[in-house]
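> Below you'll find the structure I mean.
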Amino acid sequence: MSDNNDDMPIVSNTSNTPTPSLLDTDTIPILPVRELVAFPQMTLPFMVSLESAQLIEDAVNADGHIGLVTVKDEDAEDPVPGELFEVGTLAKIMHAKKNSDGIWVVLLNALHRFRISAWEAGGPYLRAHVTQAPEIVESDLETEALQRQLLVTFQAVLAMTPDAPDEMGKTIAQIEDPLQLAYVTAFNMKLSTKRRQALLELDSVNAKLRELLARLAREKEMLSIGQKIQTEVREKMTKSQREYVLRQQLDAIKKELGENEEESTESDDYARRLEEADLPKEARKEAQRELERMQNMSPQSAEYPMIKNYLDWLIDLPWNKTSEDNTDITAARDILEADHFGLDEVKERLIEYLAVRRLMQTREEASSSEDDNQAPGVILCLAGPPGVGKTSLGRSVARALGRSFTRMSLGGVRDEAEIRGHRRTYIGALPGRIIQAIKRAGTRNPVFMLDEIDKVGQDWRGDPSSALLEVLDPAQNGAFRDHYLDVDFDLSEVIFIATANQLDTIPGPLRDRMEIITLDGYTELEKLQIAKRHLIPRQLAAHRLRDDEVTFIDDAIQKIIQDYTREAGVRNLERHIAAVCRKGIVQLSEKGWPHVVITSKMVRAYLKKERFESEYAEHIAVPGIATGLAVTAVGGDILYIEASRMPGTGRLNLTGQLGDVMRESAEIAHSYVRSQAEALQIDPTLFEKSDVHLHVPAGALPKDGPSAGVAMTMALTSLFSERPVRSEVGITGEVTLRGRVLPVGGIKMKVLAAHRAGLKTVVLPARNRPDLDELPDEVRRGMEFVTVDHVDDAVAVAFASPPAPADDAGGKNEKPAAEGCNRNAHLVPLACRDCHHDPSLAG
């Protein structure tokens, strides 16, 4: 099947070269064509589809002759002989080329008409027996008159046709052959496929000319009527504009005479709304200017609805509407405590804001002079792993303060116009999502949550994070200018609360404008309280259960926490509680139980096999393994560092998708252990005749950072000294070639991960000692913390047995305990700084 390529030029054959005779054989391949009738004496370009490629290849390899026959039904996908016309055109392939897609691009020279006498059966394509069907060419005065009249009429139609090429009229005027003139004229006219085929089948040239004259006369009449209609439309538009001006003058006359209509016009309604709205000076001036433009504009104008939309936004925005803050600090604290367990730092920061707000209001009331100073806006960023309650905290803050709440998700936002809006020159322009959210809130001082701010992207449309710089800068957001509004809007009283999982992906200038509050995750005790106070009541309500129908005991909740979840937050915990609730509903429905008490055994029966086991249950009994502590996107985690030794030449092999910094830490640890071999009771010759393979599971996850340096040193020391590291000890800290232990970040999340995994002792850098103050009390009571300045101190803890409660509890670098330190007591104060003894809290 072939389709004519509309993008390729159609060239008429105007030369006087005699046409070649019909083929010697009367059997030729037939190429069906759609939506086109190939007229003789024309040069036609074609793109032949893949199903007809074999036909073109065979014709090119033969004499190049094919038959072009039009399909009767254009929707026929694979036409058969009965679906083709009987009269076609013989053509010769002048040029053929196959493109990269396997489609043939051919240039055909149409020669003569032919009539199909019989179809040939079989073969990969259609073939038919044809006979030549030459036209009857008259040579009399009638033919000359018809030819002349056809030229005149065609030139007139071209003159009335818009955008008609001038070359077309010049080309046709040069044709002297009446048959060629008929075919070229027909090809350049707007005729249906059936009419073109009927013209091809006419034998007499005079009949062809008469048919074309009739069609041209009709086309000329239609063009004339069309021009008349266009003229009437233009006159009507001019009349409408004149009527609009006269109506405006009539309204002015009626206003002077006091004969105003009872019903207000649309512009009067906007004028009334603008008068009632409490707009600032700049916004009112812009609104008044646009209103005057609308009053002098026809409602049929394309710009009229754009002005209406702009006025609606200006008038409806809460320019000076604010909600009164609840300055009762005790009540606000109670609301925050009721909605969220923990998160003390966030709560304290909000209470501080309320205290400042209350103090300023009190001073303003006591002062007789007017003071425009307002409480500064709050711009917080809650950073932490998923599921710790960052997003839900926003609603609680709004409820505690008595403010409206609005939220905008920034995940995947890549267009700057999403923040600043589009300029009004664009069709369908709207304000940015900041202004839209303020309008939804209904006040200009809501609690505004910017969710997932660390997932803002950028591309060729701009950088949304750069647009947020103005929004989150207290020195600038008092005059935030949206591109659509093009007037200043005050965002200084908005409390912005952003949330993020990772701070590394937030640009530095944007991060600098926010007060970062880190949420490191919950302990098991905190998760237990959160489940009892919030998660279980919420799931019972969601499943339409009463408190007296399903009851969770503490052992069941703790089993879910310990054996089915291993996360910093409580999102998976809530999912498993929901699953248990559904199982309880089944028991209530099927067995008719009046009350289901969820125990730890029932949790095992409902949730099947435990998903997690305590990591320390895998007792480390072989040398070369140490337990490190790490921080991931979902919170803290423990990781095992494994080292293996085999005969070799002293080569160090590292695996586990380690980043550059972590690989360097491994090389430093290897060099230190090798340099201190004798001090570590290691045979120095082992390094020369052994290869070491150090691996950090899981291998599919990329890892980087220097905090595993001490743990790697312990693993290598254990490997070469053939002494296993204590299973219950978790280690973190950066190591240097001199053996110094440098501070690292994420101590709270690492310690919480160690506590969840069941580790009893954590070795950490001495300079991270202040980070221990942030730990919850139950964690500090249940674990021992050893702070070290040198690798030697870590070796003494990692390989020795737990310290005895006798006098022999100190290390070789420790100084005697200061008076009052009581370092061997059951609880050791973390605030003790008078001696070198590392503070520990042994449970």
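To be explicit about the labels: the chains of the structure tokens are called A, B, and onward in the order shown, and within each one the residues are counted from 1, while ligands get numbers from 1 in the order they are shown.
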Please provide the set of residues having any atom within 7 Å of stretch 508-523 of chain A, restricted to only C-alpha atoms, with same-chain residues fewer than 3 positions apart removed, written as a ChimeraX atom specification.
/A:346,379-384,388,469,472-473,526-527,568-569,635,748-749,752
> Could you save those same residues with C-alpha atoms as a PDB file, in the first residue's frame?

```pdb
ATOM      1  CA  VAL A 346       9.993  21.543  68.459  1.00  0.00           C
ATOM      2  CA  ILE A 379      10.790  29.456  59.743  1.00  0.00           C
ATOM      3  CA  LEU A 380      11.566  25.946  60.945  1.00  0.00           C
ATOM      4  CA  CYS A 381      12.865  22.885  59.144  1.00  0.00           C
ATOM      5  CA  LEU A 382      12.069  19.530  60.690  1.00  0.00           C
ATOM      6  CA  ALA A 383      14.687  17.092  59.423  1.00  0.00           C
ATOM      7  CA  GLY A 384      14.533  13.408  60.126  1.00  0.00           C
ATOM      8  CA  VAL A 388       8.616  10.384  62.931  1.00  0.00           C
ATOM      9  CA  LEU A 469      14.939  32.043  49.059  1.00  0.00           C
ATOM     10  CA  LEU A 472      11.881  31.925  53.556  1.00  0.00           C
ATOM     11  CA  ASP A 473      13.928  35.065  54.218  1.00  0.00           C
ATOM     12  CA  GLU A 526       8.450   6.091  73.112  1.00  0.00           C
ATOM     13  CA  LYS A 527       6.984   3.914  70.360  1.00  0.00           C
ATOM     14  CA  ALA A 568      13.162   5.264  63.260  1.00  0.00           C
ATOM     15  CA  GLY A 569       9.505   6.325  62.988  1.00  0.00           C
ATOM     16  CA  GLY A 635      17.421   6.872  60.449  1.00  0.00           C
ATOM     17  CA  LYS A 748      21.761  10.309  68.596  1.00  0.00           C
ATOM     18  CA  MET A 749      20.426   8.334  65.616  1.00  0.00           C
ATOM     19  CA  LEU A 752      19.065   4.811  69.059  1.00  0.00           C
TER      20      LEU A 752
END
```
> With a cut-off of 12 Å, could you pull out the residues of stretch 461-575 of chain A touching stretch 757-767 of chain A and give me the nearest pair of atoms for each, distance in Å to one decimal, using only C-alpha atoms, ordered by chain and ascending number, as CSV?

```
residue,atom,partner,partner_atom,distance
A:Thr523,CA,A:Ala757,CA,11.0
A:Glu524,CA,A:Ala757,CA,10.6
A:Ile561,CA,A:Ala757,CA,11.5
A:Gln562,CA,A:Ala757,CA,8.9
A:Asp563,CA,A:Ala757,CA,10.7
A:Thr565,CA,A:Ala757,CA,11.4
A:Arg566,CA,A:Ala757,CA,8.7
A:Glu567,CA,A:Ala757,CA,10.8
A:Ala568,CA,A:Ala757,CA,11.9
```
> Pick from A:Leu775, A:Gly733, A:Met94, A:Leu354: nearest to A:Thr787, with only C-alpha atoms counted?
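Of A:Leu775, A:Gly733, A:Met94, A:Leu354, the one nearest A:Thr787, counting only C-alpha atoms, is A:Gly733.
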> Do you have the atom CA of A:Thr185-atom CA of A:Arg34 distance handy?
20.1 Å
> Nearest to A:Gly411: which of A:Asn501, A:Asn326, A:Ser139, A:Asn445 is it, counting only C-alpha atoms?
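Selected residue with least distance to A:Gly411: A:Asn501.
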> Using DSSP on the backbone coordinates, identify the residues of stretch 709-802 of chain A assigned to strand (DSSP E); present them as a VMD selection string.
chain A and resid 729 to 731 734 to 735 741 to 742 761 to 765 784 to 788
> Based on the selection just made, write N, CA, C and O atoms of those residues as a compact mmCIF listing (two decimals), in the first residue's frame.

```
# COMPACT_ATOMS: atom_id res chain seq x y z
N VAL A 729 29.12 -4.75 71.54
CA VAL A 729 29.75 -3.43 71.45
C VAL A 729 29.52 -2.85 70.05
O VAL A 729 29.81 -3.49 69.05
N GLY A 730 28.97 -1.63 69.99
CA GLY A 730 28.87 -0.88 68.75
C GLY A 730 29.90 0.23 68.74
O GLY A 730 30.14 0.88 69.78
N ILE A 731 30.51 0.48 67.56
CA ILE A 731 31.66 1.38 67.50
C ILE A 731 31.43 2.41 66.40
O ILE A 731 30.98 2.09 65.30
N GLU A 734 35.88 8.48 63.54
CA GLU A 734 36.87 8.58 62.46
C GLU A 734 38.27 8.35 63.03
O GLU A 734 38.58 8.80 64.14
N VAL A 735 39.09 7.65 62.28
CA VAL A 735 40.43 7.34 62.74
C VAL A 735 41.46 8.02 61.85
O VAL A 735 41.23 8.23 60.65
N VAL A 741 41.12 9.44 67.45
CA VAL A 741 39.71 9.23 67.15
C VAL A 741 39.04 10.59 67.07
O VAL A 741 39.00 11.32 68.06
N LEU A 742 38.51 10.93 65.87
CA LEU A 742 37.90 12.24 65.63
C LEU A 742 36.38 12.15 65.71
O LEU A 742 35.80 11.08 65.49
N THR A 761 26.90 -1.71 74.76
CA THR A 761 27.99 -0.75 74.93
C THR A 761 28.22 -0.04 73.61
O THR A 761 28.18 -0.67 72.54
N VAL A 762 28.45 1.26 73.67
CA VAL A 762 28.74 2.06 72.48
C VAL A 762 30.05 2.78 72.71
O VAL A 762 30.23 3.49 73.73
N VAL A 763 30.99 2.61 71.78
CA VAL A 763 32.27 3.31 71.81
C VAL A 763 32.18 4.47 70.83
O VAL A 763 31.87 4.27 69.64
N LEU A 764 32.46 5.68 71.30
CA LEU A 764 32.32 6.87 70.46
C LEU A 764 33.43 7.85 70.79
O LEU A 764 34.05 7.76 71.86
N PRO A 765 33.71 8.81 69.91
CA PRO A 765 34.79 9.78 70.16
C PRO A 765 34.52 10.60 71.42
O PRO A 765 33.37 10.93 71.74
N GLU A 784 25.85 1.39 78.11
CA GLU A 784 27.12 1.91 78.61
C GLU A 784 27.80 2.66 77.48
O GLU A 784 27.88 2.16 76.35
N PHE A 785 28.28 3.84 77.76
CA PHE A 785 28.92 4.68 76.75
C PHE A 785 30.37 4.91 77.13
O PHE A 785 30.67 5.38 78.24
N VAL A 786 31.28 4.58 76.21
CA VAL A 786 32.71 4.73 76.44
C VAL A 786 33.25 5.71 75.41
O VAL A 786 33.17 5.45 74.21
N THR A 787 33.73 6.84 75.84
CA THR A 787 34.29 7.85 74.94
C THR A 787 35.80 7.71 74.91
O THR A 787 36.45 7.56 75.95
N VAL A 788 36.39 7.72 73.74
CA VAL A 788 37.83 7.47 73.57
C VAL A 788 38.45 8.57 72.74
O VAL A 788 37.80 9.17 71.89
```
> Given only C-alpha atoms as the basis, pick out the residue of A:Ala186, A:Ile560, A:Leu573, A:Leu141 nearest to A:Lys609.
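Result for the nearest residue to A:Lys609: A:Ile560.
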> For A:Ser665, please output as a PDB file with N, CA and C atoms, in the first residue's frame all residues within 7 Å (counting only C-alpha atoms; exclusion window: fewer than 3 positions along the same chain).

```pdb
ATOM      1  N   VAL A 661      35.405   8.319  50.512  1.00  0.00           N
ATOM      2  CA  VAL A 661      35.809   8.627  51.891  1.00  0.00           C
ATOM      3  C   VAL A 661      35.884   7.354  52.723  1.00  0.00           C
ATOM      4  N   MET A 662      34.937   6.459  52.543  1.00  0.00           N
ATOM      5  CA  MET A 662      34.932   5.220  53.322  1.00  0.00           C
ATOM      6  C   MET A 662      36.076   4.295  52.905  1.00  0.00           C
ATOM      7  N   ILE A 668      43.336   3.713  55.768  1.00  0.00           N
ATOM      8  CA  ILE A 668      43.983   4.265  56.972  1.00  0.00           C
ATOM      9  C   ILE A 668      43.979   3.233  58.096  1.00  0.00           C
ATOM     10  N   ALA A 669      42.846   2.538  58.290  1.00  0.00           N
ATOM     11  CA  ALA A 669      42.764   1.524  59.332  1.00  0.00           C
ATOM     12  C   ALA A 669      43.771   0.405  59.084  1.00  0.00           C
ATOM     13  N   PRO A 706      33.331   8.892  56.970  1.00  0.00           N
ATOM     14  CA  PRO A 706      34.510   8.452  57.740  1.00  0.00           C
ATOM     15  C   PRO A 706      34.180   7.787  59.068  1.00  0.00           C
ATOM     16  N   GLY A 709      35.668   4.336  60.552  1.00  0.00           N
ATOM     17  CA  GLY A 709      37.110   4.126  60.616  1.00  0.00           C
ATOM     18  C   GLY A 709      37.540   3.317  61.818  1.00  0.00           C
TER      19      GLY A 709
END
```
> Residues within 10 Å of A:Val631, please, as a PyMOL selection string. Count only C-alpha atoms; anything in the same chain fewer than 5 positions from it doesn't count.
chain A and resi 385+520+636-638+703+705+707+745-750+753
> Based on the selection just made, write N, CA, C and O atoms of those residues as a JSON list (two decimals), in the first residue's frame.

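Final file, result_38.json:
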```
[["chain", "number", "residue", "atom", "x", "y", "z"],
["A", 385, "PRO", "N", 14.14, 11.08, 59.62],
["A", 385, "PRO", "CA", 13.70, 9.95, 58.80],
["A", 385, "PRO", "C", 12.19, 9.92, 58.65],
["A", 385, "PRO", "O", 11.47, 10.60, 59.39],
["A", 520, "ASP", "N", 15.46, 12.59, 65.42],
["A", 520, "ASP", "CA", 16.31, 11.44, 65.17],
["A", 520, "ASP", "C", 15.59, 10.11, 65.30],
["A", 520, "ASP", "O", 16.19, 9.07, 65.08],
["A", 636, "GLY", "N", 19.04, 5.88, 61.95],
["A", 636, "GLY", "CA", 20.27, 5.18, 62.27],
["A", 636, "GLY", "C", 20.16, 3.68, 62.01],
["A", 636, "GLY", "O", 19.06, 3.12, 61.92],
["A", 637, "ASP", "N", 21.29, 3.03, 61.88],
["A", 637, "ASP", "CA", 21.31, 1.60, 61.63],
["A", 637, "ASP", "C", 22.68, 1.07, 62.06],
["A", 637, "ASP", "O", 23.65, 1.81, 62.18],
["A", 638, "ILE", "N", 22.75, -0.25, 62.32],
["A", 638, "ILE", "CA", 24.03, -0.88, 62.62],
["A", 638, "ILE", "C", 24.49, -1.63, 61.37],
["A", 638, "ILE", "O", 23.67, -2.03, 60.54],
["A", 703, "LYS", "N", 27.48, 3.24, 50.37],
["A", 703, "LYS", "CA", 27.86, 3.72, 51.70],
["A", 703, "LYS", "C", 29.06, 4.64, 51.59],
["A", 703, "LYS", "O", 29.91, 4.45, 50.72],
["A", 705, "GLY", "N", 31.43, 7.93, 54.02],
["A", 705, "GLY", "CA", 31.63, 8.65, 55.26],
["A", 705, "GLY", "C", 32.78, 8.07, 56.07],
["A", 705, "GLY", "O", 33.16, 6.92, 55.90],
["A", 707, "SER", "N", 32.88, 7.69, 59.44],
["A", 707, "SER", "CA", 32.55, 7.30, 60.81],
["A", 707, "SER", "C", 32.78, 5.82, 61.09],
["A", 707, "SER", "O", 32.69, 5.39, 62.24],
["A", 745, "GLY", "N", 29.20, 12.77, 63.14],
["A", 745, "GLY", "CA", 27.84, 13.26, 63.32],
["A", 745, "GLY", "C", 26.84, 12.14, 63.51],
["A", 745, "GLY", "O", 27.16, 10.96, 63.42],
["A", 746, "GLY", "N", 25.58, 12.55, 63.78],
["A", 746, "GLY", "CA", 24.49, 11.59, 63.90],
["A", 746, "GLY", "C", 24.57, 10.68, 65.10],
["A", 746, "GLY", "O", 24.09, 9.54, 65.05],
["A", 747, "ILE", "N", 25.15, 11.16, 66.19],
["A", 747, "ILE", "CA", 25.35, 10.30, 67.36],
["A", 747, "ILE", "C", 24.01, 9.82, 67.92],
["A", 747, "ILE", "O", 23.84, 8.63, 68.25],
["A", 748, "LYS", "N", 23.04, 10.71, 68.00],
["A", 748, "LYS", "CA", 21.76, 10.31, 68.60],
["A", 748, "LYS", "C", 21.09, 9.21, 67.78],
["A", 748, "LYS", "O", 20.63, 8.20, 68.34],
["A", 749, "MET", "N", 21.05, 9.36, 66.45],
["A", 749, "MET", "CA", 20.43, 8.33, 65.62],
["A", 749, "MET", "C", 21.20, 7.02, 65.69],
["A", 749, "MET", "O", 20.61, 5.93, 65.67],
["A", 750, "LYS", "N", 22.52, 7.09, 65.75],
["A", 750, "LYS", "CA", 23.33, 5.86, 65.84],
["A", 750, "LYS", "C", 23.08, 5.15, 67.16],
["A", 750, "LYS", "O", 22.95, 3.91, 67.20],
["A", 753, "ALA", "N", 19.76, 3.47, 67.14],
["A", 753, "ALA", "CA", 19.82, 2.23, 66.35],
["A", 753, "ALA", "C", 20.48, 1.11, 67.15],
["A", 753, "ALA", "O", 20.04, -0.04, 67.12]]
```
